[in-house]
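J.: I'd like to ask some things about the structure below.
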There are 2 protein chains.
Amino acid sequence: MLAASQTSGAYMTHSQLHVQLLLTGNEIMSGDTVDSNSAMIAQRLGELAIGVHRKVTVGDDVPLLQAELAAMTQEADLVIVNGGLGPTIDDLTAEILAAVAGVPLQEHPQAVAHLQQWCAKRNLTLNAANLKQAMLPAGATIVDNPVGSAVGFEMTVGRCRVICTPGVPGELRAMLDGIVADLATRLQRPTERSILRLQTFGLGESTAQQIITDEIPDWPPEVELGFRAGAPQMEIKLSINSAAAAGARQRCREHLQRLFGDHIIGEGDTTLAQRVLQLLRERDATLTTAESCTGGLIASQLTRVPGSSAGFHAGFVTYSNAIKQSVLGVREDTLARHGAVSEAVVREMALGALDRASADYAIAVSGIAGPDGGSPDKPVGSVWIAWGDSSHIRTRGLCWPVERTLFQTMIAAAGLDMIRRILSGIEEEPRYFGQRRMR
Amino acid sequence: MLAASQTSGAYMTHSQLHVQLLLTGNEIMSGDTVDSNSAMIAQRLGELAIGVHRKVTVGDDVPLLQAELAAMTQEADLVIVNGGLGPTIDDLTAEILAAVAGVPLQEHPQAVAHLQQWCAKRNLTLNAANLKQAMLPAGATIVDNPVGSAVGFEMTVGRCRVICTPGVPGELRAMLDGIVADLATRLQRPTERSILRLQTFGLGESTAQQIITDEIPDWPPEVELGFRAGAPQMEIKLSINSAAAAGARQRCREHLQRLFGDHIIGEGDTTLAQRVLQLLRERDATLTTAESCTGGLIASQLTRVPGSSAGFHAGFVTYSNAIKQSVLGVREDTLARHGAVSEAVVREMALGALDRASADYAIAVSGIAGPDGGSPDKPVGSVWIAWGDSSHIRTRGLCWPVERTLFQTMIAAAGLDMIRRILSGIEEEPRYFGQRRMR
């Protein structure tokens, strides 16, 4: 257990620090604005292993805000208020904090000076609306805003520290640097909490949970297990609160690797496209794409990655049969005999793309994304994928009957996953080959 | 004032309906995920003129969730819980609601049937983890999930209706259609509130606000004006609470059309890609793309739209100079003399794509998405765009120095916007041509 900082009676040791967030703004309540500020605050606090206990969002309403803030200061050691610092009448934060603390509002000389400098720098005249931003609860301390006109401020109410921050994301971001640095100092030493995130593709949350429950019945309690299902990737999170648990976590990591390691793409935020580009770079190799139903999504995901030009030079979106022939050299006869969604066609698409792009590896896909275009024989969700190099093109038919854009997302990922697997020397077939078998 | 529904004692008139949201998920508390679901719920409720009073977010923690939900059911008429319906151990919503309602969990036959159908349709085997999703509070009613495995459920606790919804945004979206329709029925008559949403590209929120303030000083108070800035589009929302205000809104709509109508893409959720494909369909024409820095994003956005194959047959991602030559026929000499990011090169890319794809219209882009690759002469954010048909290719150099993926998003949109403008017969230059002028 860490010792509490002596310089601030309001803070407990960080692992016990009870933090709540109060978000305000009518535009957040109406859904016109998606609140990303609270995620930003939580992530920055996470760097210090400080978790957020609870967050409450209410509109710009004095009684509501006052009731929430009063309740929070009774429960929490630290409350961060976000929003309501601006110059307009619906900016209420200073007023609310003053009421909860039982102090008057008064003009804060340091805030006035900040406003004067801010206006002078921009050739603006300080007006009455601006000056409202200098009316702060008596006894509040200024929190510097390096980028905006509204200063932040903080004060202690009872045993709770309240920090008020601006709603403009860029201003909040800049201010958080100072707040986090200050917290780190007050908490005296760095955290032991550590989070290992594994990115996977092709495993459902329930499948992964089931495998772990069945195969690791003695999962150590000191290793927190979490899942975050996304499309296309699923994240598995292994968190520990003490360096002493690192060994246990490492054993869990190795166990997961043995159970379904071929589905693990990498750690942190690694995407399939990033991993594929990294593997290509290690081999000084290039990849090309021939996309029908994914319509450029694979190319787009590759080129989102900075530096992708090293491994990716050319991609082809060949949506019609005529273009499959003229651009990729798919034979008319092949199309006529097998149809556009067929093993023979994706094979020729892959070979054509390899040739046109002079690339080392290719992914080709052709399928029925829907909602129209399906037939009893080839229902919506049917797709053929080809991948490999000129010496060995592999193919697989899958049926992944989901909504159009999700289908495109999953099939683009499957194509990238196939290249990842051959570049990583993985021989096993992914689980989804069995689950998503073409009928 | 509307009369309370007689069929449901739990609901008051909609203008008085006290609604709270309870959001759950460790990934939201940690900031790993930005919660956009609560905004989606608030927006859908807003269509019925129902405001959200308060929202609380807590992690996947039984005592915390239970305390919040119990408190909410004391205060609110309607609580919507989001998240925690999945198959893993950190999905706690059913357990919490059962505890708050004082009823046991039991297997719900309708939920089991839904899971069986869901798995059968996907060729999956129903496992024990999946079946957990059918263990619901006794007495709960199923809320249909048209797209996912987890059903929603609702029940009345005291005087409060509690509706539990899935955390996967696509599933929530689908489920909200039914929930909103049901609420509208229970509230007995349709709301008169009506929201007109206009999609724009190339206007900033503050610019639009300034133009409206300057040019429409007598904006009618019965027409609520709202903005929702996104990338690449910005939405302008004109809301009225009474059919009597429809005429005033129509006059506002016409005024906006005169002020910056060339930046208005369409109504509702219309995207640039949808609008372009619609315009192409009306002309029985086709479009092709030759993308360097946007790397397939334009093609991908077009092919996300169902039925896009009518207007889009072929796209080319030509990331390297060699591929620009071999695939699109850009001359070596042009590349050597002007560089890849040049008017001459995008012009030849557009002409090459038109020829290879036998298309009527083309967009070609070549630029420096960064973070590397800039020079004093052509800094990161520099881009040339060409668009038009074989009789007239137009070009423009822009400088849009933002983060890589945002750059790709904005430039892909600008390319589509240029085609939209020529297909719509718009002669004016968009405002961003002036603001984003190449240096």
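Letters for chains follow the order of the structure tokens (A, B, ...), residue numbers begin at 1 for each chain, and ligand numbers begin at 1 in the order shown.
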Using only C-alpha atoms, which protein or nucleic acid residues come within 10 Å of Ile422 of chain A? Drop anything in the same chain fewer than 5 positions from it, and give the result as a list in words.

T.: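 Skipping anything fewer than 5 positions along the chain leaves Leu279, Tyr361, Trp387, Gly388, Asp389, Asp417 and Glu427 of chain A.
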
J.: Keeping only N, CA and C atoms, write the selected residues to a file as a PDB file, in the first residue's frame.

T.:
ATOM      1  N   LEU A 279       4.703  -7.434 -41.293  1.00  0.00           N
ATOM      2  CA  LEU A 279       5.246  -8.702 -41.785  1.00  0.00           C
ATOM      3  C   LEU A 279       5.811  -8.542 -43.193  1.00  0.00           C
ATOM      4  N   TYR A 361       2.471 -10.811 -53.014  1.00  0.00           N
ATOM      5  CA  TYR A 361       1.296 -11.491 -52.454  1.00  0.00           C
ATOM      6  C   TYR A 361       0.032 -10.793 -52.933  1.00  0.00           C
ATOM      7  N   TRP A 387      -5.897 -16.119 -51.812  1.00  0.00           N
ATOM      8  CA  TRP A 387      -4.736 -15.411 -51.274  1.00  0.00           C
ATOM      9  C   TRP A 387      -3.486 -16.244 -51.514  1.00  0.00           C
ATOM     10  N   GLY A 388      -2.352 -15.576 -51.536  1.00  0.00           N
ATOM     11  CA  GLY A 388      -1.106 -16.310 -51.692  1.00  0.00           C
ATOM     12  C   GLY A 388      -0.150 -15.580 -52.606  1.00  0.00           C
ATOM     13  N   ASP A 389       0.823 -16.333 -53.118  1.00  0.00           N
ATOM     14  CA  ASP A 389       1.778 -15.757 -54.058  1.00  0.00           C
ATOM     15  C   ASP A 389       1.678 -16.517 -55.381  1.00  0.00           C
ATOM     16  N   ASP A 417      -6.293 -11.400 -42.757  1.00  0.00           N
ATOM     17  CA  ASP A 417      -5.898 -12.440 -41.810  1.00  0.00           C
ATOM     18  C   ASP A 417      -5.226 -13.609 -42.526  1.00  0.00           C
ATOM     19  N   GLU A 427      -0.029 -22.673 -39.848  1.00  0.00           N
ATOM     20  CA  GLU A 427      -0.582 -23.701 -40.722  1.00  0.00           C
ATOM     21  C   GLU A 427      -2.042 -23.997 -40.407  1.00  0.00           C
TER      22      GLU A 427
END

J.: Quick one: superpose chain A on chain B on all Cα atoms, same order, and give the RMSD.

T.: 4.1 Å

J.: Could you give me, as a list in words, the residues within 10 Å of Phe312 of chain B, counting only C-alpha atoms and dropping anything in the same chain fewer than 2 positions from it?

T.: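 Close residues of Phe312 of chain B: Gly295, Val317, Thr318, Tyr319 and Ser320 of chain A; Leu277, Leu280, Ala285, Thr286, Leu287, Thr288, Thr289, Ala299, Leu302, Thr303, Gly307, Ser308, Ser309, Ala310, Ala314, Gly315, Ala357, Ala359 and Tyr361 of chain B.
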
J.: Apply DSSP to the structure's backbone, then extract all residues of segment 198-431 of chain A labelled alpha helix (DSSP H) and return them as a compact mmCIF listing (two decimals) with C-alpha atoms, in the first residue's frame.

T.:
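states31.txt, freshly written:
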# COMPACT_ATOMS: atom_id res chain seq x y z
CA GLU A 205 -16.50 -13.18 -27.25
CA SER A 206 -18.59 -16.16 -26.18
CA THR A 207 -16.25 -18.64 -27.86
CA ALA A 208 -13.20 -17.12 -26.20
CA GLN A 209 -14.95 -17.04 -22.83
CA GLN A 210 -16.03 -20.67 -23.23
CA ILE A 211 -12.54 -21.87 -24.19
CA ILE A 212 -11.00 -20.05 -21.24
CA THR A 213 -13.63 -21.35 -18.78
CA ASP A 214 -13.18 -24.92 -20.05
CA GLU A 215 -9.42 -24.98 -20.45
CA ALA A 246 3.28 -10.27 -13.61
CA GLY A 247 4.35 -13.90 -13.55
CA ALA A 248 0.78 -15.15 -13.23
CA ARG A 249 -0.24 -12.95 -16.12
CA GLN A 250 2.62 -14.18 -18.26
CA ARG A 251 1.45 -17.75 -17.65
CA CYS A 252 -2.11 -16.74 -18.65
CA ARG A 253 -0.73 -15.09 -21.78
CA GLU A 254 1.16 -18.27 -22.71
CA HIS A 255 -1.89 -20.39 -22.02
CA LEU A 256 -4.02 -18.22 -24.31
CA GLN A 257 -1.30 -18.48 -26.92
CA ARG A 258 -1.48 -22.28 -26.80
CA LEU A 259 -5.31 -22.27 -26.86
CA PHE A 260 -5.90 -19.87 -29.76
CA LEU A 272 -4.70 -6.57 -39.03
CA ALA A 273 -3.55 -4.06 -41.65
CA GLN A 274 -0.69 -2.87 -39.43
CA ARG A 275 0.40 -6.42 -38.67
CA VAL A 276 0.32 -7.43 -42.34
CA LEU A 277 2.32 -4.35 -43.36
CA GLN A 278 4.84 -5.10 -40.61
CA LEU A 279 5.25 -8.70 -41.78
CA LEU A 280 5.63 -7.50 -45.38
CA ARG A 281 8.29 -4.99 -44.31
CA GLU A 282 10.25 -7.72 -42.52
CA ARG A 283 10.31 -9.69 -45.79
CA LEU A 297 -12.03 -1.54 -48.12
CA ILE A 298 -8.93 -3.74 -47.87
CA ALA A 299 -6.86 -1.19 -49.81
CA SER A 300 -8.28 1.61 -47.70
CA GLN A 301 -7.44 -0.12 -44.43
CA LEU A 302 -3.89 -0.76 -45.59
CA THR A 303 -3.37 2.83 -46.72
CA ASN A 321 -17.54 -8.75 -64.78
CA ALA A 322 -16.31 -6.66 -67.70
CA ILE A 323 -13.76 -4.95 -65.46
CA LYS A 324 -12.64 -8.25 -63.95
CA GLN A 325 -11.78 -9.25 -67.52
CA SER A 326 -10.29 -6.03 -68.86
CA VAL A 327 -8.36 -4.97 -65.76
CA LEU A 328 -7.37 -8.31 -64.18
CA GLU A 332 -14.77 -14.62 -70.09
CA ASP A 333 -15.15 -18.36 -70.20
CA THR A 334 -14.36 -18.70 -66.47
CA LEU A 335 -16.98 -16.09 -65.61
CA ALA A 336 -19.56 -17.71 -67.86
CA ARG A 337 -18.95 -21.20 -66.53
CA HIS A 338 -18.57 -20.51 -62.81
CA GLU A 343 -13.26 -20.27 -56.74
CA ALA A 344 -12.06 -20.12 -60.33
CA VAL A 345 -12.77 -16.39 -60.64
CA VAL A 346 -11.08 -15.31 -57.40
CA ARG A 347 -8.07 -17.43 -58.35
CA GLU A 348 -7.78 -15.63 -61.70
CA MET A 349 -8.37 -12.28 -60.00
CA ALA A 350 -5.50 -12.95 -57.60
CA LEU A 351 -3.16 -14.06 -60.39
CA GLY A 352 -4.16 -11.07 -62.52
CA ALA A 353 -3.52 -8.63 -59.68
CA LEU A 354 -0.13 -10.22 -58.89
CA ASP A 355 0.84 -9.78 -62.52
CA ARG A 356 -0.53 -6.21 -62.99
CA ALA A 357 0.96 -4.99 -59.72
CA ARG A 404 -23.78 -5.33 -45.89
CA THR A 405 -21.19 -3.07 -44.26
CA LEU A 406 -20.46 -5.57 -41.48
CA PHE A 407 -20.01 -8.25 -44.17
CA GLN A 408 -17.53 -6.02 -45.99
CA THR A 409 -15.68 -5.34 -42.73
CA MET A 410 -15.44 -9.00 -41.76
CA ILE A 411 -14.44 -10.23 -45.23
CA ALA A 412 -11.80 -7.51 -45.63
CA ALA A 413 -10.42 -8.62 -42.28
CA ALA A 414 -10.53 -12.30 -43.25
CA GLY A 415 -8.53 -11.54 -46.38
CA LEU A 416 -5.88 -9.67 -44.41
CA ASP A 417 -5.90 -12.44 -41.81
CA MET A 418 -5.09 -15.04 -44.48
CA ILE A 419 -2.03 -13.06 -45.56
CA ARG A 420 -1.04 -12.60 -41.91
CA ARG A 421 -1.26 -16.34 -41.42
CA ILE A 422 0.90 -17.29 -44.37
CA LEU A 423 3.46 -14.56 -43.60
CA ARG A 431 -11.95 -21.34 -36.40

J.: So that I can see what lies close to Leu22 of chain A, please list as a PDB file with C-alpha atoms, in the first residue's frame the residues with an atom at most 7 Å from it, counting only C-alpha atoms and leaving out residues fewer than 2 positions away in the same chain.

T.:
ATOM      1  CA  GLN A  20     -16.201  10.586 -10.066  1.00  0.00           C
ATOM      2  CA  THR A  24     -22.557  18.917 -18.180  1.00  0.00           C
ATOM      3  CA  LYS A  55     -19.769   9.312 -14.128  1.00  0.00           C
ATOM      4  CA  VAL A  56     -22.950  11.323 -14.288  1.00  0.00           C
ATOM      5  CA  THR A  57     -24.130  13.530 -17.128  1.00  0.00           C
ATOM      6  CA  ILE A  80     -13.638  16.274 -12.153  1.00  0.00           C
ATOM      7  CA  VAL A  81     -16.320  18.505 -13.611  1.00  0.00           C
ATOM      8  CA  ASN A  82     -16.249  18.951 -17.387  1.00  0.00           C
TER       9      ASN A  82
END

J.: List the spatial neighbours of Val79 of chain A as a PDB file with N, CA and C atoms, in the first residue's frame - criterion: any atom at most 10 Å away, only C-alpha atoms, same-chain residues fewer than 5 positions off excluded.

T.:
ATOM      1  N   HIS A  18     -11.061   7.551  -4.812  1.00  0.00           N
ATOM      2  CA  HIS A  18     -12.409   7.410  -5.356  1.00  0.00           C
ATOM      3  C   HIS A  18     -12.693   8.632  -6.248  1.00  0.00           C
ATOM      4  N   VAL A  19     -12.795   8.381  -7.534  1.00  0.00           N
ATOM      5  CA  VAL A  19     -12.940   9.472  -8.491  1.00  0.00           C
ATOM      6  C   VAL A  19     -14.313   9.394  -9.176  1.00  0.00           C
ATOM      7  N   GLN A  20     -14.969  10.521  -9.295  1.00  0.00           N
ATOM      8  CA  GLN A  20     -16.201  10.586 -10.066  1.00  0.00           C
ATOM      9  C   GLN A  20     -16.106  11.748 -11.061  1.00  0.00           C
ATOM     10  N   LEU A  21     -16.822  11.592 -12.173  1.00  0.00           N
ATOM     11  CA  LEU A  21     -16.849  12.647 -13.191  1.00  0.00           C
ATOM     12  C   LEU A  21     -18.266  13.203 -13.293  1.00  0.00           C
ATOM     13  N   LEU A  22     -18.339  14.522 -13.398  1.00  0.00           N
ATOM     14  CA  LEU A  22     -19.627  15.171 -13.634  1.00  0.00           C
ATOM     15  C   LEU A  22     -19.537  15.912 -14.962  1.00  0.00           C
ATOM     16  N   VAL A  52     -12.003   5.393 -12.770  1.00  0.00           N
ATOM     17  CA  VAL A  52     -13.156   6.260 -12.524  1.00  0.00           C
ATOM     18  C   VAL A  52     -14.280   5.385 -11.983  1.00  0.00           C
ATOM     19  N   ARG A  54     -17.476   6.294 -11.310  1.00  0.00           N
ATOM     20  CA  ARG A  54     -18.843   6.576 -11.727  1.00  0.00           C
ATOM     21  C   ARG A  54     -18.814   7.881 -12.491  1.00  0.00           C
ATOM     22  N   LYS A  55     -19.633   7.999 -13.521  1.00  0.00           N
ATOM     23  CA  LYS A  55     -19.769   9.312 -14.128  1.00  0.00           C
ATOM     24  C   LYS A  55     -21.239   9.628 -14.363  1.00  0.00           C
ATOM     25  N   LEU A  69     -23.455  17.438  -7.841  1.00  0.00           N
ATOM     26  CA  LEU A  69     -22.122  17.789  -7.342  1.00  0.00           C
ATOM     27  C   LEU A  69     -22.072  17.648  -5.820  1.00  0.00           C
ATOM     28  N   MET A  72     -21.747  13.998  -5.015  1.00  0.00           N
ATOM     29  CA  MET A  72     -20.420  13.484  -5.360  1.00  0.00           C
ATOM     30  C   MET A  72     -19.363  13.897  -4.340  1.00  0.00           C
ATOM     31  N   THR A  73     -19.431  15.144  -3.869  1.00  0.00           N
ATOM     32  CA  THR A  73     -18.405  15.603  -2.922  1.00  0.00           C
ATOM     33  C   THR A  73     -18.530  14.871  -1.585  1.00  0.00           C
ATOM     34  N   GLU A 154      -9.927  24.857  -9.262  1.00  0.00           N
ATOM     35  CA  GLU A 154     -10.159  23.745  -8.358  1.00  0.00           C
ATOM     36  C   GLU A 154     -10.253  24.238  -6.935  1.00  0.00           C
ATOM     37  N   THR A 156     -11.215  22.579  -2.625  1.00  0.00           N
ATOM     38  CA  THR A 156     -11.586  21.442  -1.798  1.00  0.00           C
ATOM     39  C   THR A 156     -12.923  21.724  -1.123  1.00  0.00           C
ATOM     40  N   CYS A 160     -13.257  16.466  -0.308  1.00  0.00           N
ATOM     41  CA  CYS A 160     -13.210  16.172  -1.746  1.00  0.00           C
ATOM     42  C   CYS A 160     -12.589  17.323  -2.533  1.00  0.00           C
ATOM     43  N   ARG A 161     -11.676  16.968  -3.419  1.00  0.00           N
ATOM     44  CA  ARG A 161     -11.087  17.942  -4.326  1.00  0.00           C
ATOM     45  C   ARG A 161     -11.970  18.001  -5.579  1.00  0.00           C
ATOM     46  N   VAL A 162     -12.336  19.214  -5.990  1.00  0.00           N
ATOM     47  CA  VAL A 162     -13.152  19.367  -7.200  1.00  0.00           C
ATOM     48  C   VAL A 162     -12.339  20.149  -8.225  1.00  0.00           C
ATOM     49  N   ILE A 163     -12.161  19.576  -9.395  1.00  0.00           N
ATOM     50  CA  ILE A 163     -11.429  20.255 -10.470  1.00  0.00           C
ATOM     51  C   ILE A 163     -12.404  20.506 -11.618  1.00  0.00           C
ATOM     52  N   CYS A 164     -12.522  21.759 -12.045  1.00  0.00           N
ATOM     53  CA  CYS A 164     -13.456  22.117 -13.115  1.00  0.00           C
ATOM     54  C   CYS A 164     -12.690  22.390 -14.400  1.00  0.00           C
TER      55      CYS A 164
END

J.: May I have all residues of segment 81-164 of chain A that DSSP, computed from the backbone, assigns to strand (DSSP E or B), given as number ranges by chain?

T.: A: 81-82, 105-107, 135-137, 141-143, 152-157, 160-164

J.: Find the residues around Gln116 of chain B up to 9 Å (only C-alpha atoms counted), leave out those fewer than 5 positions away in its own chain, and share them as a list in words.

T.: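 My reading of the contact set: Ala111, Lys121, Thr125 and Leu126 of chain B.
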
J.: Could you save the residues just selected, with C-alpha atoms, as a PDB file, in the first residue's frame?

T.:
ATOM      1  CA  ALA B 111     -34.853 -15.962 -25.763  1.00  0.00           C
ATOM      2  CA  LYS B 121     -28.844 -19.127 -39.449  1.00  0.00           C
ATOM      3  CA  THR B 125     -23.458 -24.344 -32.368  1.00  0.00           C
ATOM      4  CA  LEU B 126     -25.302 -22.935 -29.380  1.00  0.00           C
TER       5      LEU B 126
END

J.: For Gly139 of chain B, please output as a PyMOL selection string all residues within 9 Å (counting only C-alpha atoms; exclusion window: fewer than 3 positions along the same chain).

T.: chain B and resi 103+136+154-155
